[in-house]
Amino acid sequence: MELSHWPAPFATSPVNATVQVPGSKSLTNRFLVLAALADGPSRLRAPLISRDSALMVKALTALGAGFTEVAGDGAFGPDLLVTPLDPAATGDPAIDCGLAGTVMRFVPPLAALRHGTASFDGDPHARQRPMGAVIQALRGLGITVDDDGDGQLPFTVTGTGSVPGGKLVVDASASSQFISALLLVGARFTDGLHLEHVGPPVPSLDHIAMTVRVLREVGVDVDDSLPNQWRVSPGTIRAFDVRIEQDLSNAGPFLAAALVTAGTVRIPNWPLGTTQVGDQWREILVQLGAEVVLSDGTLSVTGGARIRGAHLADTSELAPTVAALCALADSPSTLSGIAHLRGHETDRLKALATEINRLGGEVTETADGLSISPAPLHGGVFRTYEDHRMATAGAIIGLATEGVEVENIGTTAKTMPQFPELWADLAATGRPSAGEPLPTSGR
């Protein structure tokens with residue numbers, strides 16, 4: 001079946017908008033797991049309501065947790081009340097991971113704490129995502145895992161009601177989620193967990209720092225004082241009432257619109273002291289030529305007459321948005337330290353190079369990133385490969401390039417179901433009545 005094509009809004013003048021975005025997917029799904037393991041009922045205020053979070057809720061429900069939606073003050077959906085897993089729960093549930101890395105990696109260790117055999121599978125591309133480190137780690141903890149020798153989905157986890165824990169050595173160089181998956185449940189292991197990474201550097205260390213922080217917030221003792229080692233003491237996970245920060249990574253495309261149109265975009269309620277990788281926008285966008293100001297909790301980004309090329313390392317999940325901006329820059333750029341993106345929802349490096357080049361760009365894959373040179377872009381179809389960040393990258397390019405059609409914009413529902421409407425509202429501020437015509441340099 002042919003996927004629908006979404007005509008990306010094209011701005012003819014600078015945008016001028018204040019935008020709120022839904023809650024952080026990374027924080028929502030971490031707190032959902034912790035709530036399922038806590039010593040009493042918990043509440044998540046203004047959580048992300050999206051496909052990824054819905055898959056997590058469904059998975060934890062299948063394992064025996066309870067969830068109730070209650071009215072809250074969030075702009076994008078209800079709060080969630082969570083009843084933890086019943087220790088006596090048994091059965092053989094089937095877990096649909098979709099394309100959510102947090103579900104396919106965070107939930108299997110939790111399934112090992114109950115009696116029964118849980119089966120895990122997901123979308124077709126989920127069967128290509130790296131899972132070997134989690135599977136080997138579970139086996140190293142004495143847990144029975146049947147994966148037909150593939151090291152990927154589908155597989156089953158057979159739990160006996162408890163996990164001894166103790167010392168475990170893993171290679172998490174393919175994904176930081178391998179570390180987070182074990183840390184989140186380590187306090188519930190009989191002897192806790194002493195986790196050591198051996199191998200190439202772990203990517204996206206900010207996400208592990210996030211996991212450590214949320215664990216400490218709910219009373220878990222975590223020692224990360226030694227490089228590549230984490231010790232989690234056995235103990236209870238305290239029930240909690242937490243407000244979820246908005247997703248700063250998902251704020252990125254909207255902030256990028258300020259650079260693309262030489263306009264201004266404001267994001268209110270920008271958190272201070274956050275562990276979200278999206279806080280890096282405050283430095284990245286400056287390097288690309290923007291004026292960035294954080295004042296009274298509002299982040300304001302204003303673009304100039306051009307987008308500057310830059311040499312940026314370790315942009316992680318922000319890379320698709322950064323690549324879209326660099327494709328519109330007036331000088332060459334390199335993105336490095338992101339080889340692990342080949343194992344995300346799609347091979348993001350190959351996908352970005354292919355789709356930007358399809359529109360006239362000049363992007364080359366490197367061993368660990370992308371090399372991007374200025375080139376005039378034209379309209380055409382921008383394919384998304386069922387990857388939400390590819391979809392938003394296409395929208396960014398379409399804001400400055402007339403005639404871009406994004407394939408299956410609905411894939412943004414993975415982490416931001418409201419994206420098409422929010423983007424249309426943003427683009428509507430970039431019409432002739434909103435200001436002067438767009439500058440052409442670097443666009």
# chains A, B, ... in the order shown; residues from 1 in each chain; ligands from 1
call {"tool": "select_by_dssp", "arguments": {"residues": "range 205-360 of chain A", "states": "helix (DSSP H, G or I)", "output": "VMD selection string"}}
result
chain A and resid 205 to 217 248 to 261 277 to 287 316 to 327 339 to 343 348 to 358
call {"tool": "closest_atom_pairs", "arguments": {"of": "range 212-233 of chain A", "to": "range 154-173 of chain A", "cutoff": "12 Å", "atoms": "only C-alpha atoms", "output": "JSON lines"}}
result
{"residue": "A:Asn228", "atom": "CA", "partner": "A:Ala172", "partner_atom": "CA", "distance": 9.8}
{"residue": "A:Gln229", "atom": "CA", "partner": "A:Val169", "partner_atom": "CA", "distance": 9.2}
{"residue": "A:Trp230", "atom": "CA", "partner": "A:Lys167", "partner_atom": "CA", "distance": 10.0}
{"residue": "A:Arg231", "atom": "CA", "partner": "A:Lys167", "partner_atom": "CA", "distance": 8.8}
{"residue": "A:Val232", "atom": "CA", "partner": "A:Gly166", "partner_atom": "CA", "distance": 9.4}
{"residue": "A:Ser233", "atom": "CA", "partner": "A:Gly166", "partner_atom": "CA", "distance": 9.7}
call {"tool": "residues_around", "arguments": {"residues": "range 41-44 of chain A", "least_positions_apart": "6", "cutoff": "9 Å", "atoms": "only C-alpha atoms", "output": "PyMOL selection string"}}
result
chain A and resi 28+31-32+35+79-84+238-244
call {"tool": "write_last_selection", "arguments": {"atoms": "N, CA and C atoms", "output": "tab-separated table (two decimals), in the first residue's frame"}}
result
chain	number	residue	atom	x	y	z
A	28	THR	N	9.22	9.72	30.62
A	28	THR	CA	7.94	9.04	30.82
A	28	THR	C	8.13	7.54	30.94
A	31	PHE	N	9.98	6.45	34.17
A	31	PHE	CA	9.13	6.53	35.36
A	31	PHE	C	8.00	5.50	35.33
A	32	LEU	N	7.53	5.14	34.15
A	32	LEU	CA	6.52	4.08	34.07
A	32	LEU	C	7.07	2.76	34.59
A	35	ALA	N	7.46	3.03	38.34
A	35	ALA	CA	6.16	2.98	39.00
A	35	ALA	C	5.65	1.54	39.10
A	79	ASP	N	-3.13	12.75	33.31
A	79	ASP	CA	-2.12	12.17	34.18
A	79	ASP	C	-2.35	10.65	34.24
A	80	LEU	N	-1.35	9.94	34.76
A	80	LEU	CA	-1.48	8.50	34.92
A	80	LEU	C	-1.26	8.11	36.37
A	81	LEU	N	-2.21	7.36	36.93
A	81	LEU	CA	-2.03	6.73	38.23
A	81	LEU	C	-1.61	5.29	37.98
A	82	VAL	N	-0.55	4.86	38.68
A	82	VAL	CA	0.03	3.54	38.42
A	82	VAL	C	0.01	2.69	39.69
A	83	THR	N	-0.57	1.50	39.57
A	83	THR	CA	-0.52	0.51	40.64
A	83	THR	C	0.58	-0.48	40.28
A	84	PRO	N	1.52	-0.73	41.20
A	84	PRO	CA	2.67	-1.57	40.85
A	84	PRO	C	2.29	-3.01	40.55
A	238	ARG	N	10.81	3.69	45.91
A	238	ARG	CA	9.79	4.48	46.61
A	238	ARG	C	8.71	4.97	45.63
A	239	ALA	N	7.45	4.81	46.01
A	239	ALA	CA	6.35	5.38	45.22
A	239	ALA	C	6.55	6.89	45.11
A	240	PHE	N	6.02	7.48	44.04
A	240	PHE	CA	6.33	8.89	43.76
A	240	PHE	C	5.18	9.60	43.07
A	241	ASP	N	5.28	10.90	43.09
A	241	ASP	CA	4.37	11.79	42.37
A	241	ASP	C	5.27	12.76	41.63
A	242	VAL	N	5.34	12.65	40.30
A	242	VAL	CA	6.34	13.40	39.54
A	242	VAL	C	5.71	14.09	38.34
A	243	ARG	N	6.22	15.29	38.03
A	243	ARG	CA	5.81	15.99	36.82
A	243	ARG	C	6.87	15.75	35.75
A	244	ILE	N	6.44	15.33	34.59
A	244	ILE	CA	7.35	15.01	33.50
A	244	ILE	C	7.75	16.28	32.74
call {"tool": "closest_residue", "arguments": {"among": "A:Gly132, A:Gly74, A:Gly64, A:Gly289", "to": "Gln246 in chain A", "atoms": "only C-alpha atoms"}}
result
A:Gly74
call {"tool": "residues_around", "arguments": {"residues": "Arg342 in chain A", "least_positions_apart": "4", "cutoff": "10 Å", "atoms": "only C-alpha atoms", "output": "list in words"}}
result
Arg129, Pro130, Ala174, Ile338, Thr346, Asp347, Arg348, Leu349, Lys350, Ala351, Asp368 and Gly369 of chain A
call {"tool": "select_by_dssp", "arguments": {"residues": "range 143-285 of chain A", "states": "strand (DSSP E or B)", "output": "PyMOL selection string"}}
result
chain A and resi 144-146+155-160+166-170+193-197+222-223+229-232+241-243+246+264-267
call {"tool": "write_last_selection", "arguments": {"atoms": "C-alpha atoms", "output": "short mmCIF file (atom, residue, chain, number, x, y, z; two decimals), in the first residue's frame"}}
result
data_model
loop_
_atom_site.label_atom_id
_atom_site.label_comp_id
_atom_site.auth_asym_id
_atom_site.auth_seq_id
_atom_site.Cartn_x
_atom_site.Cartn_y
_atom_site.Cartn_z
CA THR A 144 16.24 -18.22 30.60
CA VAL A 145 15.95 -16.44 27.24
CA ASP A 146 15.01 -18.17 23.98
CA PHE A 155 12.39 -13.90 21.92
CA THR A 156 10.93 -15.15 25.20
CA VAL A 157 11.94 -14.50 28.80
CA THR A 158 11.06 -17.06 31.46
CA GLY A 159 10.95 -15.68 34.99
CA THR A 160 10.96 -17.55 38.28
CA GLY A 166 25.38 -9.41 41.49
CA LYS A 167 28.33 -8.65 39.18
CA LEU A 168 27.69 -8.52 35.44
CA VAL A 169 29.98 -7.48 32.57
CA VAL A 170 28.35 -6.26 29.33
CA LEU A 193 23.59 -5.13 40.64
CA HIS A 194 27.22 -4.34 39.90
CA LEU A 195 27.27 -3.56 36.19
CA GLU A 196 30.48 -3.05 34.23
CA HIS A 197 30.78 -2.05 30.58
CA VAL A 222 23.33 4.14 42.77
CA ASP A 223 27.12 4.49 42.71
CA GLN A 229 30.72 0.92 36.26
CA TRP A 230 27.42 1.23 38.09
CA ARG A 231 26.45 -0.30 41.43
CA VAL A 232 22.79 -0.47 42.43
CA ASP A 241 4.37 11.79 42.37
CA VAL A 242 6.34 13.40 39.54
CA ARG A 243 5.81 15.99 36.82
CA GLN A 246 8.56 18.48 28.20
CA THR A 264 12.04 33.63 16.47
CA VAL A 265 10.68 30.64 18.35
CA ARG A 266 10.14 30.50 22.11
CA ILE A 267 9.76 27.39 24.27
#
call {"tool": "closest_residue", "arguments": {"among": "A:Ala257, A:Ala65, A:Leu312, A:Ala54", "to": "Ser371 in chain A", "atoms": "only C-alpha atoms"}}
result
A:Leu312
call {"tool": "closest_residue", "arguments": {"among": "A:Val277, A:Leu255, A:Leu341, A:Ile143", "to": "Val21 in chain A", "atoms": "only C-alpha atoms"}}
result
A:Leu255
call {"tool": "residues_around", "arguments": {"residues": "range 56-61 of chain A", "least_positions_apart": "5", "cutoff": "8 Å", "atoms": "only C-alpha atoms", "output": "list in words"}}
result
Asn29, Leu32, Val33, Ala36, Gly66, Phe67, Leu85, Ile95, Asp96, Cys97, Thr102, Val103 and Val107 of chain A
call {"tool": "atom_distance", "arguments": {"atom1": "CA of Ser300 in chain A", "atom2": "CA of His207 in chain A"}}
result
24.7 Å
call {"tool": "closest_residue", "arguments": {"among": "A:Thr364, A:Ser50, A:Thr354, A:Ser176", "to": "Thr412 in chain A", "atoms": "only C-alpha atoms"}}
result
A:Ser50
call {"tool": "closest_residue", "arguments": {"among": "A:Arg45, A:Phe254, A:His378, A:Ala137", "to": "Ala427 in chain A", "atoms": "only C-alpha atoms"}}
result
A:Phe254
call {"tool": "residues_around", "arguments": {"residues": "Asp123 in chain A", "least_positions_apart": "6", "cutoff": "10 Å", "atoms": "only C-alpha atoms", "output": "tab-separated table (two decimals) with N, CA and C atoms, in the first residue's frame"}}
result
chain	number	residue	atom	x	y	z
A	96	ASP	N	4.01	-6.55	22.81
A	96	ASP	CA	4.24	-5.88	21.53
A	96	ASP	C	5.15	-4.67	21.77
A	97	CYS	N	6.36	-4.72	21.26
A	97	CYS	CA	7.32	-3.63	21.46
A	97	CYS	C	7.19	-2.54	20.41
A	98	GLY	N	6.38	-2.79	19.36
A	98	GLY	CA	6.31	-1.81	18.29
A	98	GLY	C	7.70	-1.55	17.73
A	99	LEU	N	8.09	-0.27	17.71
A	99	LEU	CA	9.44	0.12	17.32
A	99	LEU	C	10.10	0.89	18.46
A	100	ALA	N	9.62	0.66	19.67
A	100	ALA	CA	10.07	1.42	20.84
A	100	ALA	C	11.26	0.73	21.50
A	153	LEU	N	14.82	-9.63	18.34
A	153	LEU	CA	13.41	-10.01	18.41
A	153	LEU	C	13.09	-10.96	17.26
A	386	GLU	N	9.42	4.86	8.57
A	386	GLU	CA	8.73	4.65	9.84
A	386	GLU	C	9.48	5.25	11.02
